[in-house]
Amino acid sequence: MISVLSGGVGAARLLRALSGEIAPGEINAIVNVGDDLVLHGLTICPDLDTITYTLAGLNNEVLGWGLNGESWRVMEELEALGGASWFRLGDRDLATHLYRSQRIIEGATKTDVTRELCERHGVGVRVLPATNDEIATVFKTEVGRLSFQDYFVRHHYDVKVESITIQGAATASVTKETLDALRNSARIVIAPSNPLISIDPILQLGEIKDILMERREDVIAVSPIINGAALKGPADRLMRDLGYDATCVGVADFYEGLIGSFVIDERDASSASAISSRGIDVHVTTTIMQDPLDAKRLAQAVLT
Ligand code: FO1
């Protein structure tokens, strides 16, 4: 069994490739919930949904979030009413948020609801929110304090960030399912997700960092930064803003003490010696998962 600390798109692609190599039931996705929000009274969990939709083959490849074959009639009506339509919820996607929100009102946890949604969609990977408690990634920026989706969607992550706080992380409990998964996995993988806003909200929870430190030799991370740039999203810019080196070496330093192995892209092969000098085994392969064969190669590198 393996566990994969996961953000959104990059993690979803790696999980999809891994489930082509080993039985999906042998894979746990431990998922970030720091981006979650309540909007229109609905509980929305972007990373959990991106992973579930991708593993179900239902994800919207064009947008990178939400469902395929989407329509937007509810958003059009909402906009006409003057409601909040900056965060676009497609008609099909809305069913997920309605289902989750009602189940939570009935007393279900995010873990329960995610399991139910995965069963309905035939997803065999165990998709686990890292915590059922509320945590929120908050940005202190040049334009003031911003919630995650304010920063990401409203401001298109085009503002200078001074600091990031994961509100609630210090008191949130890691779920029993997540702890069991991490303790029983032969290997723990850190997906090529944003270290600061997708992985750190998981690492800041309870004993997760301690488990990784103890099991360092079994922990392998995949760099989300290739040739000094993130494939998607603000990882490189955020690393620079917050004083980290925006390279795969900077990512290895961010995970210092937590990882025994690190997968970097072929284009960063010249950084391999700098990373191995830090006592980390380095694997060089293609880490871009556009092509299914490349994704397969990366999954095999992570597993061997
Ligand atoms: N991203 C956008 O850029 N614009 C949106 O309107 C938007 C809506 C949205 C709705 C549901 C959902 O699950 C994700 C959505 N995202 C949207 C993606 C999301 O903001 C981020 O990609 C993640 O939070 C970062 O992992």
# chains A, B, ... in the order shown; residues from 1 in each chain; ligands from 1
>>> residues_near_ligand(ligand="ligand 1", cutoff="10 Å", atoms="only C-alpha atoms and all ligand atoms", output="VMD selection string")
chain A and resid 6 to 11 32 to 37 44 to 51 53 63 to 67 85 to 90 93 to 94 96 to 97 148 to 157 193 to 194 197 to 198 232 to 234
>>> write_last_selection(atoms="C-alpha atoms", output="JSON list (two decimals), in the first residue's frame")
[["chain", "number", "residue", "atom", "x", "y", "z"],
["A", 6, "SER", "CA", -1.99, 15.45, -2.69],
["A", 7, "GLY", "CA", -3.08, 18.85, -3.94],
["A", 8, "GLY", "CA", -5.18, 19.21, -7.11],
["A", 9, "VAL", "CA", -4.32, 18.65, -10.77],
["A", 10, "GLY", "CA", -0.68, 17.44, -10.55],
["A", 11, "ALA", "CA", -1.57, 14.96, -7.80],
["A", 32, "ASN", "CA", -5.36, 19.06, 1.12],
["A", 33, "VAL", "CA", -8.49, 20.82, 2.34],
["A", 34, "GLY", "CA", -6.94, 24.28, 2.91],
["A", 35, "ASP", "CA", -8.58, 25.58, -0.31],
["A", 36, "ASP", "CA", -12.06, 24.52, 0.80],
["A", 37, "LEU", "CA", -14.73, 27.19, 1.03],
["A", 44, "ILE", "CA", -16.86, 23.14, -1.77],
["A", 45, "CYS", "CA", -13.67, 21.03, -1.67],
["A", 46, "PRO", "CA", -11.71, 21.78, -4.87],
["A", 47, "ASP", "CA", -8.78, 19.38, -4.39],
["A", 48, "LEU", "CA", -10.95, 16.45, -3.25],
["A", 49, "ASP", "CA", -13.22, 17.00, -6.25],
["A", 50, "THR", "CA", -10.39, 17.43, -8.79],
["A", 51, "ILE", "CA", -8.95, 14.10, -7.65],
["A", 53, "TYR", "CA", -13.35, 13.57, -10.97],
["A", 63, "LEU", "CA", -10.60, 24.21, -17.35],
["A", 64, "GLY", "CA", -8.41, 22.03, -15.11],
["A", 65, "TRP", "CA", -11.21, 21.94, -12.51],
["A", 66, "GLY", "CA", -14.84, 20.83, -12.43],
["A", 67, "LEU", "CA", -16.62, 18.25, -14.57],
["A", 85, "SER", "CA", -20.61, 34.43, -9.72],
["A", 86, "TRP", "CA", -16.83, 35.03, -9.67],
["A", 87, "PHE", "CA", -16.27, 31.46, -8.47],
["A", 88, "ARG", "CA", -17.86, 29.47, -11.26],
["A", 89, "LEU", "CA", -19.83, 26.40, -10.26],
["A", 90, "GLY", "CA", -21.05, 24.40, -13.25],
["A", 93, "ASP", "CA", -20.52, 20.21, -10.44],
["A", 94, "LEU", "CA", -23.22, 21.85, -8.31],
["A", 96, "THR", "CA", -21.58, 17.39, -5.88],
["A", 97, "HIS", "CA", -21.65, 20.48, -3.66],
["A", 148, "PHE", "CA", -7.46, 31.14, -0.73],
["A", 149, "GLN", "CA", -9.95, 31.53, -3.56],
["A", 150, "ASP", "CA", -9.82, 35.34, -3.36],
["A", 151, "TYR", "CA", -6.09, 35.10, -3.96],
["A", 152, "PHE", "CA", -6.29, 32.31, -6.52],
["A", 153, "VAL", "CA", -9.37, 33.10, -8.59],
["A", 154, "ARG", "CA", -10.27, 36.74, -7.95],
["A", 155, "HIS", "CA", -6.68, 38.02, -8.01],
["A", 156, "HIS", "CA", -5.37, 35.33, -10.44],
["A", 157, "TYR", "CA", -2.49, 34.88, -7.93],
["A", 193, "SER", "CA", 1.75, 19.81, -6.02],
["A", 194, "ASN", "CA", 2.50, 23.29, -4.73],
["A", 197, "ILE", "CA", -0.24, 25.89, -0.47],
["A", 198, "SER", "CA", -1.12, 22.27, -1.29],
["A", 232, "LYS", "CA", 0.63, 25.32, -13.49],
["A", 233, "GLY", "CA", -0.23, 27.79, -10.76],
["A", 234, "PRO", "CA", 1.84, 30.09, -8.55]]
>>> residues_around(residues="Val174 of chain A", least_positions_apart="3", cutoff="10 Å", atoms="only C-alpha atoms", output="PyMOL selection string")
chain A and resi 129-133+169+171+177-179+202+205-208
>>> select_by_dssp(residues="segment 32-122 of chain A", states="strand (DSSP E or B)", output="list of chain:residue names")
A:Leu37, A:Val38, A:Leu39, A:Leu42, A:Thr43, A:Ile44, A:Asn59, A:Leu67
>>> residues_around(residues="Thr286 of chain A", least_positions_apart="3", cutoff="7 Å", atoms="only C-alpha atoms", output="compact mmCIF listing (two decimals) with N, CA, C and O atoms, in the first residue's frame")
# COMPACT_ATOMS: atom_id res chain seq x y z
N ASP A 265 12.90 16.54 -12.93
CA ASP A 265 12.74 16.42 -14.37
C ASP A 265 14.11 16.36 -15.07
O ASP A 265 15.10 16.91 -14.57
N GLU A 266 14.08 15.73 -16.25
CA GLU A 266 15.30 15.63 -17.07
C GLU A 266 15.96 16.99 -17.29
O GLU A 266 17.17 17.11 -17.32
N ASP A 294 4.44 9.27 -20.61
CA ASP A 294 5.30 9.99 -19.67
C ASP A 294 4.77 9.84 -18.24
O ASP A 294 5.54 9.68 -17.29
N LEU A 298 6.68 8.21 -15.02
CA LEU A 298 6.83 8.87 -13.71
C LEU A 298 6.27 7.97 -12.60
O LEU A 298 6.90 7.81 -11.54
>>> residues_around(residues="His121 of chain A", least_positions_apart="6", cutoff="10 Å", atoms="only C-alpha atoms", output="ChimeraX atom specification")
/A:52-53,55-58,115
>>> write_last_selection(atoms="C-alpha atoms", output="mmCIF file, in the first residue's frame")
data_model
loop_
_atom_site.group_PDB
_atom_site.id
_atom_site.type_symbol
_atom_site.label_atom_id
_atom_site.label_comp_id
_atom_site.auth_asym_id
_atom_site.auth_seq_id
_atom_site.Cartn_x
_atom_site.Cartn_y
_atom_site.Cartn_z
ATOM 1 C CA THR A 52 -12.269 12.259 -7.560
ATOM 2 C CA TYR A 53 -13.346 13.573 -10.966
ATOM 3 C CA LEU A 55 -9.875 9.246 -11.190
ATOM 4 C CA ALA A 56 -13.455 8.758 -12.404
ATOM 5 C CA GLY A 57 -12.487 10.032 -15.890
ATOM 6 C CA LEU A 58 -14.990 12.889 -15.512
ATOM 7 C CA ARG A 115 -16.056 7.861 0.303
#
>>> closest_residue(among="A:Val38, A:Ala23, A:Ile264, A:Val74", to="Ala221 of chain A", atoms="only C-alpha atoms")
A:Ile264
>>> atom_distance(atom1="atom CA of Leu146 of chain A", atom2="atom CA of Met75 of chain A")
23.3 Å
>>> residues_around(residues="Glu214 of chain A", least_positions_apart="3", cutoff="12 Å", atoms="only C-alpha atoms", output="MDAnalysis selection string")
chainID A and resid 182:183 188 207:211 217:219 257:260
>>> residues_around(residues="segment 19-22 of chain A", least_positions_apart="5", cutoff="9 Å", atoms="only C-alpha atoms", output="ChimeraX atom specification")
/A:14,27,55,124-125,296,299-300,303
>>> write_last_selection(atoms="N, CA, C and O atoms", output="PDB file, in the first residue's frame")
ATOM      1  N   LEU A  14      -0.917  12.154 -11.231  1.00  0.00           N
ATOM      2  CA  LEU A  14      -0.008  11.117 -10.734  1.00  0.00           C
ATOM      3  C   LEU A  14      -0.812   9.933 -10.192  1.00  0.00           C
ATOM      4  O   LEU A  14      -0.481   8.767 -10.456  1.00  0.00           O
ATOM      5  N   ILE A  27      -3.881   2.226  -3.093  1.00  0.00           N
ATOM      6  CA  ILE A  27      -3.422   3.633  -3.103  1.00  0.00           C
ATOM      7  C   ILE A  27      -4.336   4.492  -2.220  1.00  0.00           C
ATOM      8  O   ILE A  27      -5.566   4.441  -2.346  1.00  0.00           O
ATOM      9  N   LEU A  55      -9.961  10.708 -11.300  1.00  0.00           N
ATOM     10  CA  LEU A  55      -9.875   9.246 -11.190  1.00  0.00           C
ATOM     11  C   LEU A  55     -11.118   8.576 -11.782  1.00  0.00           C
ATOM     12  O   LEU A  55     -11.065   7.428 -12.218  1.00  0.00           O
ATOM     13  N   GLY A 124     -11.643   3.572  -7.187  1.00  0.00           N
ATOM     14  CA  GLY A 124     -11.107   2.559  -6.278  1.00  0.00           C
ATOM     15  C   GLY A 124     -10.032   3.078  -5.343  1.00  0.00           C
ATOM     16  O   GLY A 124      -9.782   2.500  -4.281  1.00  0.00           O
ATOM     17  N   VAL A 125      -9.354   4.168  -5.735  1.00  0.00           N
ATOM     18  CA  VAL A 125      -8.343   4.783  -4.861  1.00  0.00           C
ATOM     19  C   VAL A 125      -9.072   5.303  -3.614  1.00  0.00           C
ATOM     20  O   VAL A 125     -10.196   5.817  -3.713  1.00  0.00           O
ATOM     21  N   LYS A 296       3.077   7.363 -17.121  1.00  0.00           N
ATOM     22  CA  LYS A 296       3.372   5.977 -16.725  1.00  0.00           C
ATOM     23  C   LYS A 296       4.821   5.865 -16.250  1.00  0.00           C
ATOM     24  O   LYS A 296       5.111   5.254 -15.225  1.00  0.00           O
ATOM     25  N   ALA A 299       5.111   7.360 -12.850  1.00  0.00           N
ATOM     26  CA  ALA A 299       4.510   6.473 -11.835  1.00  0.00           C
ATOM     27  C   ALA A 299       5.469   5.326 -11.528  1.00  0.00           C
ATOM     28  O   ALA A 299       5.671   4.963 -10.363  1.00  0.00           O
ATOM     29  N   GLN A 300       6.098   4.776 -12.571  1.00  0.00           N
ATOM     30  CA  GLN A 300       7.037   3.664 -12.355  1.00  0.00           C
ATOM     31  C   GLN A 300       8.257   4.131 -11.561  1.00  0.00           C
ATOM     32  O   GLN A 300       8.737   3.427 -10.677  1.00  0.00           O
ATOM     33  N   LEU A 303       7.393   4.294  -7.977  1.00  0.00           N
ATOM     34  CA  LEU A 303       7.152   2.992  -7.335  1.00  0.00           C
ATOM     35  C   LEU A 303       8.388   2.130  -7.199  1.00  0.00           C
ATOM     36  O   LEU A 303       8.390   1.169  -6.426  1.00  0.00           O
TER      37      LEU A 303
END
>>> residues_around(residues="Ala269 of chain A", least_positions_apart="2", cutoff="12 Å", atoms="only C-alpha atoms", output="PyMOL selection string")
chain A and resi 226-227+247-249+262-267+271-276+282-287
>>> atom_distance(atom1="atom CA of Ala170 of chain A", atom2="atom CA of Met213 of chain A")
18.0 Å
>>> atom_distance(atom1="atom CA of Gly107 of chain A", atom2="atom CA of Ile30 of chain A")
21.7 Å
>>> select_by_dssp(residues="segment 146-303 of chain A", states="alpha helix (DSSP H)", output="PyMOL selection string")
chain A and resi 148-149+176-184+200-203+208-214+235-241+248-254+272-276+292-303
>>> decode(residues="segment 205-216 of chain A", atoms="N, CA, C and O atoms", output="short mmCIF file (atom, residue, chain, number, x, y, z; two decimals), in the first residue's frame")
data_model
loop_
_atom_site.label_atom_id
_atom_site.label_comp_id
_atom_site.auth_asym_id
_atom_site.auth_seq_id
_atom_site.Cartn_x
_atom_site.Cartn_y
_atom_site.Cartn_z
N LEU A 205 -0.50 19.57 9.88
CA LEU A 205 -1.52 18.93 10.73
C LEU A 205 -0.89 17.91 11.68
O LEU A 205 -0.15 17.02 11.22
N GLY A 206 -1.22 18.06 12.97
CA GLY A 206 -0.90 17.05 13.99
C GLY A 206 0.43 16.38 13.78
O GLY A 206 1.46 17.03 13.60
N GLU A 207 0.38 15.05 13.77
CA GLU A 207 1.62 14.28 13.76
C GLU A 207 2.10 13.92 12.34
O GLU A 207 3.01 13.11 12.20
N ILE A 208 1.53 14.52 11.31
CA ILE A 208 1.89 14.11 9.95
C ILE A 208 3.38 14.34 9.68
O ILE A 208 4.07 13.45 9.17
N LYS A 209 3.88 15.52 10.07
CA LYS A 209 5.29 15.81 9.82
C LYS A 209 6.18 14.81 10.58
O LYS A 209 7.18 14.33 10.05
N ASP A 210 5.77 14.48 11.82
CA ASP A 210 6.56 13.54 12.63
C ASP A 210 6.61 12.16 11.96
O ASP A 210 7.65 11.50 11.94
N ILE A 211 5.48 11.75 11.41
CA ILE A 211 5.45 10.43 10.74
C ILE A 211 6.41 10.45 9.55
O ILE A 211 7.20 9.53 9.35
N LEU A 212 6.38 11.53 8.77
CA LEU A 212 7.28 11.62 7.62
C LEU A 212 8.75 11.62 8.06
O LEU A 212 9.58 10.94 7.46
N MET A 213 9.04 12.37 9.15
CA MET A 213 10.43 12.43 9.63
C MET A 213 10.91 11.04 10.04
O MET A 213 12.00 10.62 9.68
N GLU A 214 10.03 10.33 10.78
CA GLU A 214 10.40 8.98 11.23
C GLU A 214 10.59 8.02 10.05
O GLU A 214 11.41 7.13 10.09
N ARG A 215 9.78 8.24 8.99
CA ARG A 215 9.76 7.29 7.88
C ARG A 215 10.48 7.85 6.65
O ARG A 215 10.24 7.41 5.53
N ARG A 216 11.36 8.82 6.91
CA ARG A 216 12.02 9.58 5.85
C ARG A 216 12.50 8.71 4.68
O ARG A 216 12.33 9.06 3.50
#
